[in-house]
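Trainee: Once you've had a glance at the structure underneath, I'll fire off some questions.
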Amino acid sequence: MSTILKVDKISYSYHSLQGETKALHNISFEVKQGEFIALVGPSGCGKSTLLSIIAGLNRPDTGQILFPNHPGEPAVRVGYMLQKDHLFEWRSIYRNVTLGLELNHQMTADKLSYINRLLSEYGLEAFRNKKPSELSGGMKQRAALIRTLALNPELLLLDEPFSALDYQTRLAVSTDICNLIRKAGKTMIIVTHDLSEAISIADRIIVLSHRPSTVKDMIRVELSKSEDSVLAARNAPEFKHYFNLLWEDMTDES
């Protein structure tokens with residue numbers, strides 16, 4: 001697999017009237033095409049900040065973000081899915097998921113056909129003319145994912161996208177969304193505080209330390225599972241081993 005992203009010696013500080021707070025220090029790692037990466041670490045360690053830097057929303061103090069498949073270009077196509085769905089209540093689901101296309105003047109027949117296919121595959125075709133308040137939390141997250149995929153990003157950044165869902169819905173939606181992202185052949189980096197979730201959906205877990213964050217550990221996850229689901233992953237015989245590794249890393253930090 002080719003390398004789609006290189007995070008090279010990234011450092012970042014917050015600045016305020018009270019002074020400087022160092023958030024990230026010398027962060028480096030690579031992400032392969034099609035790989036699913038989970039970022040875990042203590043609260044406030046800069047996980048979301050790192051996503052914003054990868055997305056180009058923040059500039060690092062030192063270091064650089066490189067996309068080897070696109071040398072000379074400012075950035076690869078990156079899709080950013082936040083904790084909340086941020087769907088607009090005054091727009092229908094269809095007009096919400098096509099918003100990115102509309103803003104980027106890409107409302108072409110091919111792209112609208114792709115949107116219609118995603119609505120059908122994600123079980124939202126019958127709800128295309130509904131308002132967000134008429135959908136369940138899981139359905140709204142699926143709509144937010146379609147909106148993110150509409151511009152055909154190569155790299156998806158997900159910042160705790162399932163945190164607002166109840167436990168049962170979270171298991172079902174995380175399974176559906178991750179399977180759909182794999183089926184689309186996308187690469188994903190997800191921030192999560194849930195160690196079980198990280199083990200269940202990631203190919204590799206990157207553990208960040210307390211602030212100023214460094215890369216404390218990288219754990220490759222290989223599970224024996226009967227099907228591609230979060231529940232099957234949690235029932236895998238290796239699951240407890242990976243959980244204990246992460247727990248030790250996180251306990252050291254606390």
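Starting from 1 in every chain, residues are counted up; chains themselves are A, B, ... following the order of the structure tokens, and ligands are numbered from 1 as listed.
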As an NGL selection string, please: all residues of region 39-201 of chain A that backbone DSSP puts in strand (DSSP E).

Mentor: :A and (39-40 or 62-66 or 78-81 or 155-159 or 187-191)

Trainee: Any idea what's packed within 9 Å of Leu51 (chain A), counting only C-alpha atoms, ignoring anything in its chain fewer than 6 positions away? Could you give it as a PyMOL selection string?

Mentor: chain A and resi 57+80+157-159+189-191

Trainee: Tell me which of A:Leu149, A:Pro161, A:Gly41, A:Gln18 sits closest to Thr251 (chain A), counting only C-alpha atoms.

Mentor: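 For Thr251 (chain A), the nearest of the given residues is A:Gly41.
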
Trainee: Residues at most 10 Å from Arg182 (chain A), counting only C-alpha atoms, excluding those fewer than 4 positions away in the same chain, as a PyMOL selection string?

Mentor: chain A and resi 34-36+177-178+186-188

Trainee: Write to file, as a PDB file, in the first residue's frame, the residues of the selection just made, with N, CA, C and O atoms.

Mentor:
ATOM      1  N   GLY A  34      -5.979   3.395   2.335  1.00  0.00           N
ATOM      2  CA  GLY A  34      -6.979   2.441   2.782  1.00  0.00           C
ATOM      3  C   GLY A  34      -6.890   2.064   4.250  1.00  0.00           C
ATOM      4  O   GLY A  34      -7.713   1.291   4.747  1.00  0.00           O
ATOM      5  N   GLU A  35      -5.932   2.622   4.977  1.00  0.00           N
ATOM      6  CA  GLU A  35      -5.739   2.274   6.381  1.00  0.00           C
ATOM      7  C   GLU A  35      -6.728   3.044   7.264  1.00  0.00           C
ATOM      8  O   GLU A  35      -7.078   4.180   6.981  1.00  0.00           O
ATOM      9  N   PHE A  36      -7.145   2.403   8.359  1.00  0.00           N
ATOM     10  CA  PHE A  36      -7.972   3.037   9.377  1.00  0.00           C
ATOM     11  C   PHE A  36      -7.102   3.253  10.617  1.00  0.00           C
ATOM     12  O   PHE A  36      -6.602   2.299  11.207  1.00  0.00           O
ATOM     13  N   ILE A 177     -21.074   2.695   9.319  1.00  0.00           N
ATOM     14  CA  ILE A 177     -20.283   3.760   8.712  1.00  0.00           C
ATOM     15  C   ILE A 177     -18.884   3.276   8.355  1.00  0.00           C
ATOM     16  O   ILE A 177     -18.377   3.552   7.258  1.00  0.00           O
ATOM     17  N   CYS A 178     -18.257   2.517   9.234  1.00  0.00           N
ATOM     18  CA  CYS A 178     -16.909   2.024   8.935  1.00  0.00           C
ATOM     19  C   CYS A 178     -16.918   1.036   7.776  1.00  0.00           C
ATOM     20  O   CYS A 178     -16.011   1.053   6.928  1.00  0.00           O
ATOM     21  N   LYS A 186     -11.809   4.283   1.093  1.00  0.00           N
ATOM     22  CA  LYS A 186     -11.247   5.507   1.657  1.00  0.00           C
ATOM     23  C   LYS A 186     -10.271   5.199   2.794  1.00  0.00           C
ATOM     24  O   LYS A 186     -10.255   4.109   3.360  1.00  0.00           O
ATOM     25  N   THR A 187      -9.453   6.189   3.120  1.00  0.00           N
ATOM     26  CA  THR A 187      -8.542   6.134   4.258  1.00  0.00           C
ATOM     27  C   THR A 187      -9.155   6.965   5.382  1.00  0.00           C
ATOM     28  O   THR A 187      -9.763   8.007   5.118  1.00  0.00           O
ATOM     29  N   MET A 188      -9.002   6.519   6.638  1.00  0.00           N
ATOM     30  CA  MET A 188      -9.700   7.194   7.727  1.00  0.00           C
ATOM     31  C   MET A 188      -8.791   7.370   8.941  1.00  0.00           C
ATOM     32  O   MET A 188      -8.028   6.469   9.301  1.00  0.00           O
TER      33      MET A 188
END
